[in-house]
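Inspection log for the structure reproduced underneath, given as structure tokens.
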Amino acid sequence: MKIFVINAGSSSLKYQLIDMETEKVMAKGLCERIGIEGSKLTHKNPAKDLEVKIEKPMENHTDAIKMVLDALTDGKHGVISSLSEISAVGHRVVHGGETFSKSTLITEEVKKAIEDCSEFAPLHNPANLIGINAIEQAMGKDIPQVAVFDTAFHQTMPKEAFMYGLPYEYYEKDKIRRYGFHGTSHRFVSAEAAKVLGKKVTELNIITVHLGNGSSVAAVKGGKCIDTSMGFTPLAGMLMGTRCGCIDPAIIPVLMNKYNLSADDINNIMNKKSGVAGISGVSSDFRDLDKAAAEGNERARLALDMFMYQTKAYVASYAAALGGVDAIVFTAGVGENSPEVREGVVKGMEFMGIKMDTEKNKVRGTVDVTAADSKTKILVIPTNEELMIAKDTAELVK
Ligand code: AMP
């Protein structure tokens with residue numbers, strides 16, 4: 001079975017074609033600048049070690065999908081001879097609100113529900129829907145499509161974890177609550193961690209630490225999420241690449257009044273100009289921060305220290321929420337590639353039975369970096385959201 005995985009953004013579209021027998025990526029790529037001048041498709045065929053760039057106008061997502069389908073079936077750089085080889089399409093959908101607690105086959109009703117959730121993710125859900133409709137137009141209505149939601153895994157959180165201390169009516173009327181994001185990644189790495197440990201996920205308390213451009217931590221009890229650091233939007237939690245993370249909410253009206261800022265202005269500052277980039281003044285990229293800090297840049301050092309400290313605070317509080325932790329799992333761009341950040345997060349937690357082997361920690365890939373005398377396992381596991389989406393899709397269309 002071959003599954004086509006799509007992650008549609010407002011002007012971009014990422015895709016992978018995955019062979020479910022081998023779980024290998026047959027082709028992957030990216031359409032950029034859809035609807036803007038200079039549209040480009042970058043298509044990769046890993047088996048042939050081929051990369052092609054096709055610059056051609058893409059007026060909309062349907063144009064983009066058609067170009068991708070042509071690339072997949074192309075005689076030279078393609079990987080299938082006919083579109084009928086594709087069994088189903090899996091879509092990443094950002095927000096499923098309280099409606100979706102797991103992945104689902106897409107019907108007209110499901111599309112309407114995704115649209116209804118757009119008020120929670122105005123930049124993402126409409127783009128995800130455009131991707132779904134574009135597939136329908138390019139491949140016909142009969143191809144099964146599945147929606148896999150970033151928020152779904154976190155729907156098991158108890159009310160005391162997902163409610164905010166605002167008047168209750170804002171929850172009842174407006175569904176203002178914590179939703180959490182990166183759910184597909186947290187679900188994937190917690191399941192992989194159980195495999196690495198040779199146990200059932202239902203027997204384990206796991207803290208998953210997804211550190212990338214956006215970052216979040218999740219407390220996973222017996223395979224179910226009981227708390228996570230992102231909130232109503234992905235702005236909450238620790239400071240991130242350019243997002244401020246949790247701050248005292250009273251700062252917002254103070255800055256708005258003092259600098260005559262609109263709601264959009266302050267939102268832009270908190271989402272795009274803050275985080276480790278705002279603190280360091282150097283970059284949102286952790287490689288640049290590492291380099292600057294090594295060269296003596298104090299604000300880059302501070303940004304890294306704040307990031308590790310805030311992440312540590314989530315890990316420690318979730319260890320308490322779980323009543324003890326069997327494994328801590330690091331994943332995503334920074335979690336998989338930065339030994340310094342991993343070490344900084346767990347440093348000082350020896351009193352809780354959490355101890356890292358700093359020598360083992362110097363490597364990459366799926367690794368166990370636990371010290372011999374640690375009670376809690378510390379693992380590094382590369383995330384693979386596309387494979388998780390493909391697995392859910394295959395499961396639902398079987
Ligand atoms: P992601 O959002 O998961 O794609 O992660 C992107 C982040 O991973 C960027 O901030 C990168 O700087 C960071 N990253 C990638 N490679 C490394 C590395 N070798 N060391 C530190 N950070 C890295």
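We label chains A, B, ... in the order they appear in the structure tokens, count residues from 1 in each chain, and number ligands from 1 in the order shown.
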Within 7 Å of ligand 1 (counting only C-alpha atoms and all ligand atoms), which residues show up? I'd like them as an mmCIF file with N, CA, C and O atoms, in the first residue's frame.
data_model
loop_
_atom_site.group_PDB
_atom_site.id
_atom_site.type_symbol
_atom_site.label_atom_id
_atom_site.label_comp_id
_atom_site.auth_asym_id
_atom_site.auth_seq_id
_atom_site.Cartn_x
_atom_site.Cartn_y
_atom_site.Cartn_z
ATOM 1 N N LEU A 211 11.681 19.647 20.791
ATOM 2 C CA LEU A 211 12.364 20.940 20.745
ATOM 3 C C LEU A 211 12.788 21.244 19.312
ATOM 4 O O LEU A 211 13.682 20.586 18.768
ATOM 5 N N GLY A 212 12.120 22.203 18.696
ATOM 6 C CA GLY A 212 12.465 22.590 17.328
ATOM 7 C C GLY A 212 12.324 24.085 17.218
ATOM 8 O O GLY A 212 12.585 24.798 18.192
ATOM 9 N N ASN A 213 11.898 24.533 16.063
ATOM 10 C CA ASN A 213 11.611 25.945 15.920
ATOM 11 C C ASN A 213 10.451 26.326 16.827
ATOM 12 O O ASN A 213 10.475 27.329 17.519
ATOM 13 N N GLY A 214 9.410 25.459 16.805
ATOM 14 C CA GLY A 214 8.374 25.516 17.836
ATOM 15 C C GLY A 214 8.669 24.381 18.798
ATOM 16 O O GLY A 214 9.161 23.338 18.360
ATOM 17 N N GLY A 241 11.811 29.590 19.042
ATOM 18 C CA GLY A 241 12.651 30.313 18.077
ATOM 19 C C GLY A 241 12.330 31.799 18.054
ATOM 20 O O GLY A 241 13.185 32.638 18.364
ATOM 21 N N SER A 284 17.043 32.861 15.308
ATOM 22 C CA SER A 284 16.154 31.879 15.933
ATOM 23 C C SER A 284 16.730 30.481 15.756
ATOM 24 O O SER A 284 16.206 29.513 16.297
ATOM 25 N N ASP A 285 17.805 30.374 14.984
ATOM 26 C CA ASP A 285 18.405 29.072 14.690
ATOM 27 C C ASP A 285 19.407 28.711 15.790
ATOM 28 O O ASP A 285 20.337 29.478 16.061
ATOM 29 N N PHE A 286 19.194 27.545 16.387
ATOM 30 C CA PHE A 286 20.019 27.177 17.540
ATOM 31 C C PHE A 286 21.490 26.960 17.178
ATOM 32 O O PHE A 286 22.363 27.091 18.034
ATOM 33 N N ARG A 287 21.758 26.648 15.906
ATOM 34 C CA ARG A 287 23.169 26.507 15.503
ATOM 35 C C ARG A 287 23.868 27.852 15.569
ATOM 36 O O ARG A 287 25.018 27.947 16.029
ATOM 37 N N ALA A 332 12.851 16.200 17.617
ATOM 38 C CA ALA A 332 12.793 17.376 16.724
ATOM 39 C C ALA A 332 14.171 18.033 16.567
ATOM 40 O O ALA A 332 15.125 17.620 17.226
ATOM 41 N N GLY A 333 14.221 19.055 15.698
ATOM 42 C CA GLY A 333 15.496 19.642 15.264
ATOM 43 C C GLY A 333 16.515 19.864 16.364
ATOM 44 O O GLY A 333 17.663 19.408 16.269
ATOM 45 N N VAL A 334 16.115 20.545 17.426
ATOM 46 C CA VAL A 334 17.051 20.837 18.518
ATOM 47 C C VAL A 334 17.202 19.604 19.427
ATOM 48 O O VAL A 334 18.317 19.224 19.808
ATOM 49 N N ASN A 337 19.429 17.074 17.759
ATOM 50 C CA ASN A 337 20.768 17.468 17.295
ATOM 51 C C ASN A 337 21.622 18.258 18.277
ATOM 52 O O ASN A 337 22.787 18.512 17.990
ATOM 53 N N SER A 338 21.051 18.687 19.389
ATOM 54 C CA SER A 338 21.853 19.513 20.295
ATOM 55 C C SER A 338 22.128 18.813 21.624
ATOM 56 O O SER A 338 21.316 18.857 22.559
#
inquiry  = DSSP on the backbone: which residues in stretch 292-354 of chain A end up as alpha helix (DSSP H)? Give the answer as a ChimeraX atom specification.
reply    = /A:292-294,298-322,332-337,339-346
ask   = To one decimal place, how far is atom CA of A:Ile114 from atom CA of A:Leu129 in Å?
value =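 Atom-to-atom, atom CA of A:Ile114 to atom CA of A:Leu129, that is 7.4 Å.
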ask   = Given the choices A:Met356, A:Leu304, A:Ala147, A:Leu322, which gets closest to A:Leu204 if the distance is worked out from only C-alpha atoms?
value =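 With only C-alpha atoms as the atom set, the closest residue is A:Leu322.
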ask   = Residues at most 9 Å from A:Met352, counting only C-alpha atoms, excluding those fewer than 2 positions away in the same chain, as number ranges by chain?
value = A: 316, 319, 324, 348-350, 354-355, 375-376
request  = Tell me, in Å to one decimal, how far atom CA of A:Glu23 is from atom CA of A:Ser215.
outcome  =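 Taking atom CA of A:Glu23 and atom CA of A:Ser215, their separation equals 26.3 Å.
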task = Tell me which protein, DNA and RNA residues are within 9 Å of stretch 384-396 of chain A, counting only C-alpha atoms, leaving out same-chain ones fewer than 2 positions away, and put them as a ChimeraX atom specification.
result = /A:1-7,15-18,20,23-25,87-92,103-105,144-148,182,184-185,187-189,332,382,398
Write the residues of the preceding selection, restricted to C-alpha atoms, as an mmCIF file, in the first residue's frame.
data_model
loop_
_atom_site.group_PDB
_atom_site.id
_atom_site.type_symbol
_atom_site.label_atom_id
_atom_site.label_comp_id
_atom_site.auth_asym_id
_atom_site.auth_seq_id
_atom_site.Cartn_x
_atom_site.Cartn_y
_atom_site.Cartn_z
ATOM 1 C CA MET A 1 0.000 0.000 0.000
ATOM 2 C CA LYS A 2 1.264 3.475 -0.950
ATOM 3 C CA ILE A 3 0.082 6.509 1.008
ATOM 4 C CA PHE A 4 0.432 10.111 -0.124
ATOM 5 C CA VAL A 5 1.001 12.462 2.841
ATOM 6 C CA ILE A 6 0.270 16.165 2.504
ATOM 7 C CA ASN A 7 0.989 19.145 4.719
ATOM 8 C CA TYR A 15 4.421 15.966 0.516
ATOM 9 C CA GLN A 16 5.758 12.445 0.880
ATOM 10 C CA LEU A 17 4.796 9.235 -0.853
ATOM 11 C CA ILE A 18 5.348 6.360 1.578
ATOM 12 C CA MET A 20 3.725 1.085 3.872
ATOM 13 C CA GLU A 23 7.784 2.302 5.631
ATOM 14 C CA LYS A 24 10.249 3.915 3.212
ATOM 15 C CA VAL A 25 9.816 7.347 1.616
ATOM 16 C CA SER A 87 -4.278 3.918 -2.042
ATOM 17 C CA ALA A 88 -5.137 6.957 0.059
ATOM 18 C CA VAL A 89 -4.094 10.472 1.050
ATOM 19 C CA GLY A 90 -3.306 11.567 4.619
ATOM 20 C CA HIS A 91 -3.437 15.248 5.552
ATOM 21 C CA ARG A 92 -1.890 17.046 8.453
ATOM 22 C CA SER A 103 -7.603 10.739 13.046
ATOM 23 C CA THR A 104 -10.631 10.405 10.823
ATOM 24 C CA LEU A 105 -11.750 9.607 7.266
ATOM 25 C CA PRO A 144 -9.988 8.023 0.437
ATOM 26 C CA GLN A 145 -8.605 10.966 2.412
ATOM 27 C CA VAL A 146 -7.770 11.051 6.117
ATOM 28 C CA ALA A 147 -7.270 14.011 8.456
ATOM 29 C CA VAL A 148 -4.630 13.690 11.199
ATOM 30 C CA HIS A 182 2.666 18.710 17.967
ATOM 31 C CA THR A 184 1.341 13.608 16.122
ATOM 32 C CA SER A 185 4.999 13.938 17.108
ATOM 33 C CA ARG A 187 2.271 10.268 19.999
ATOM 34 C CA PHE A 188 4.875 8.908 17.562
ATOM 35 C CA VAL A 189 7.919 9.262 19.838
ATOM 36 C CA ALA A 332 12.793 17.376 16.724
ATOM 37 C CA PRO A 382 13.894 11.201 15.739
ATOM 38 C CA LYS A 398 -7.919 -0.895 5.416
#
Counting only C-alpha atoms, what is within 10 Å of A:Pro234, bar same-chain residues fewer than 3 positions away, as a PDB file with N, CA, C and O atoms, in the first residue's frame?
ATOM      1  N   ALA A 121      -7.402  28.347  14.417  1.00  0.00           N
ATOM      2  CA  ALA A 121      -6.133  28.294  13.667  1.00  0.00           C
ATOM      3  C   ALA A 121      -6.354  28.945  12.307  1.00  0.00           C
ATOM      4  O   ALA A 121      -6.357  28.291  11.274  1.00  0.00           O
ATOM      5  N   ARG A 178      -6.922  25.058  26.872  1.00  0.00           N
ATOM      6  CA  ARG A 178      -5.671  24.536  26.330  1.00  0.00           C
ATOM      7  C   ARG A 178      -6.012  23.412  25.343  1.00  0.00           C
ATOM      8  O   ARG A 178      -6.818  22.528  25.669  1.00  0.00           O
ATOM      9  N   TYR A 179      -5.418  23.445  24.163  1.00  0.00           N
ATOM     10  CA  TYR A 179      -5.576  22.344  23.201  1.00  0.00           C
ATOM     11  C   TYR A 179      -4.269  21.555  23.046  1.00  0.00           C
ATOM     12  O   TYR A 179      -4.289  20.342  23.018  1.00  0.00           O
ATOM     13  N   GLY A 180      -3.147  22.270  22.964  1.00  0.00           N
ATOM     14  CA  GLY A 180      -1.867  21.593  22.743  1.00  0.00           C
ATOM     15  C   GLY A 180      -1.671  21.301  21.259  1.00  0.00           C
ATOM     16  O   GLY A 180      -2.638  21.166  20.506  1.00  0.00           O
ATOM     17  N   PHE A 181      -0.415  21.237  20.846  1.00  0.00           N
ATOM     18  CA  PHE A 181      -0.067  20.984  19.435  1.00  0.00           C
ATOM     19  C   PHE A 181       1.082  19.971  19.367  1.00  0.00           C
ATOM     20  O   PHE A 181       1.467  19.439  20.405  1.00  0.00           O
ATOM     21  N   HIS A 182       1.608  19.727  18.160  1.00  0.00           N
ATOM     22  CA  HIS A 182       2.666  18.710  17.967  1.00  0.00           C
ATOM     23  C   HIS A 182       2.186  17.318  18.403  1.00  0.00           C
ATOM     24  O   HIS A 182       3.000  16.450  18.704  1.00  0.00           O
ATOM     25  N   GLY A 214       9.410  25.459  16.805  1.00  0.00           N
ATOM     26  CA  GLY A 214       8.374  25.516  17.836  1.00  0.00           C
ATOM     27  C   GLY A 214       8.669  24.381  18.798  1.00  0.00           C
ATOM     28  O   GLY A 214       9.161  23.338  18.360  1.00  0.00           O
ATOM     29  N   SER A 215       8.408  24.576  20.085  1.00  0.00           N
ATOM     30  CA  SER A 215       8.748  23.534  21.056  1.00  0.00           C
ATOM     31  C   SER A 215       7.582  23.267  21.990  1.00  0.00           C
ATOM     32  O   SER A 215       6.831  24.188  22.333  1.00  0.00           O
ATOM     33  N   SER A 216       7.447  21.998  22.396  1.00  0.00           N
ATOM     34  CA  SER A 216       6.462  21.688  23.426  1.00  0.00           C
ATOM     35  C   SER A 216       6.853  20.419  24.157  1.00  0.00           C
ATOM     36  O   SER A 216       7.613  19.600  23.639  1.00  0.00           O
ATOM     37  N   SER A 229       2.526  21.624  27.117  1.00  0.00           N
ATOM     38  CA  SER A 229       2.913  23.009  27.412  1.00  0.00           C
ATOM     39  C   SER A 229       2.302  24.033  26.455  1.00  0.00           C
ATOM     40  O   SER A 229       2.110  25.177  26.832  1.00  0.00           O
ATOM     41  N   MET A 230       2.014  23.656  25.191  1.00  0.00           N
ATOM     42  CA  MET A 230       1.350  24.616  24.316  1.00  0.00           C
ATOM     43  C   MET A 230      -0.108  24.743  24.754  1.00  0.00           C
ATOM     44  O   MET A 230      -0.622  23.881  25.466  1.00  0.00           O
ATOM     45  N   GLY A 231      -0.776  25.799  24.313  1.00  0.00           N
ATOM     46  CA  GLY A 231      -2.073  26.075  24.918  1.00  0.00           C
ATOM     47  C   GLY A 231      -3.198  26.206  23.932  1.00  0.00           C
ATOM     48  O   GLY A 231      -3.400  25.347  23.077  1.00  0.00           O
ATOM     49  N   GLY A 237       3.919  28.012  26.448  1.00  0.00           N
ATOM     50  CA  GLY A 237       4.966  27.061  26.809  1.00  0.00           C
ATOM     51  C   GLY A 237       6.276  27.766  27.045  1.00  0.00           C
ATOM     52  O   GLY A 237       6.305  28.921  27.487  1.00  0.00           O
ATOM     53  N   MET A 240      10.439  30.061  22.407  1.00  0.00           N
ATOM     54  CA  MET A 240      10.831  29.222  21.258  1.00  0.00           C
ATOM     55  C   MET A 240      11.712  30.026  20.311  1.00  0.00           C
ATOM     56  O   MET A 240      12.270  31.038  20.723  1.00  0.00           O
ATOM     57  N   ARG A 243       8.903  32.764  19.224  1.00  0.00           N
ATOM     58  CA  ARG A 243       7.700  32.961  20.058  1.00  0.00           C
ATOM     59  C   ARG A 243       8.097  33.145  21.524  1.00  0.00           C
ATOM     60  O   ARG A 243       9.025  32.495  22.001  1.00  0.00           O
ATOM     61  N   GLY A 245       6.503  32.324  24.275  1.00  0.00           N
ATOM     62  CA  GLY A 245       6.108  31.352  25.291  1.00  0.00           C
ATOM     63  C   GLY A 245       5.273  32.037  26.354  1.00  0.00           C
ATOM     64  O   GLY A 245       4.754  33.143  26.149  1.00  0.00           O
ATOM     65  N   ASN A 271       4.755  36.507  18.457  1.00  0.00           N
ATOM     66  CA  ASN A 271       4.949  35.314  17.614  1.00  0.00           C
ATOM     67  C   ASN A 271       6.211  35.347  16.776  1.00  0.00           C
ATOM     68  O   ASN A 271       6.827  34.315  16.543  1.00  0.00           O
TER      69      ASN A 271
END
Long-range neighbours of stretch 359-366 of chain A as a list in words, 12 Å cut-off, only C-alpha atoms, 6 positions minimum in chain = Val189, Glu192, Ala193, Lys195, Val196, Val329, Phe330, Thr331, Ala332, Gly333, Val334, Gly335, Glu336, Asn337, Ser338, Pro339, Glu340, Val341, Arg342, Glu343, Gly344, Val346, Ala372, Ile378, Leu379, Val380, Ile381, Pro382 and Thr383 of chain A
query = Using only C-alpha atoms, which residues sit within 9 Å of A:Leu41 once same-chain residues fewer than 6 positions away are excluded, as a ChimeraX atom specification?
reply = /A:29-32,52-56,64,67-68
task = Select, from A:Met270, A:Leu255, A:Val397, A:Ile86, the residue with the minimum atom-to-atom distance to A:Asp19, counting only C-alpha atoms.
result = A:Ile86
Which residue of A:Glu98, A:Asn60, A:Ala277, A:His77 approaches A:Lys44 most closely, using only C-alpha atoms =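 So, comparing all the options, the nearest one is A:His77.
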query = Pick from A:Met58, A:Leu13, A:Val201, A:Val369: nearest to A:Gly35, with only C-alpha atoms counted?
reply = A:Met58
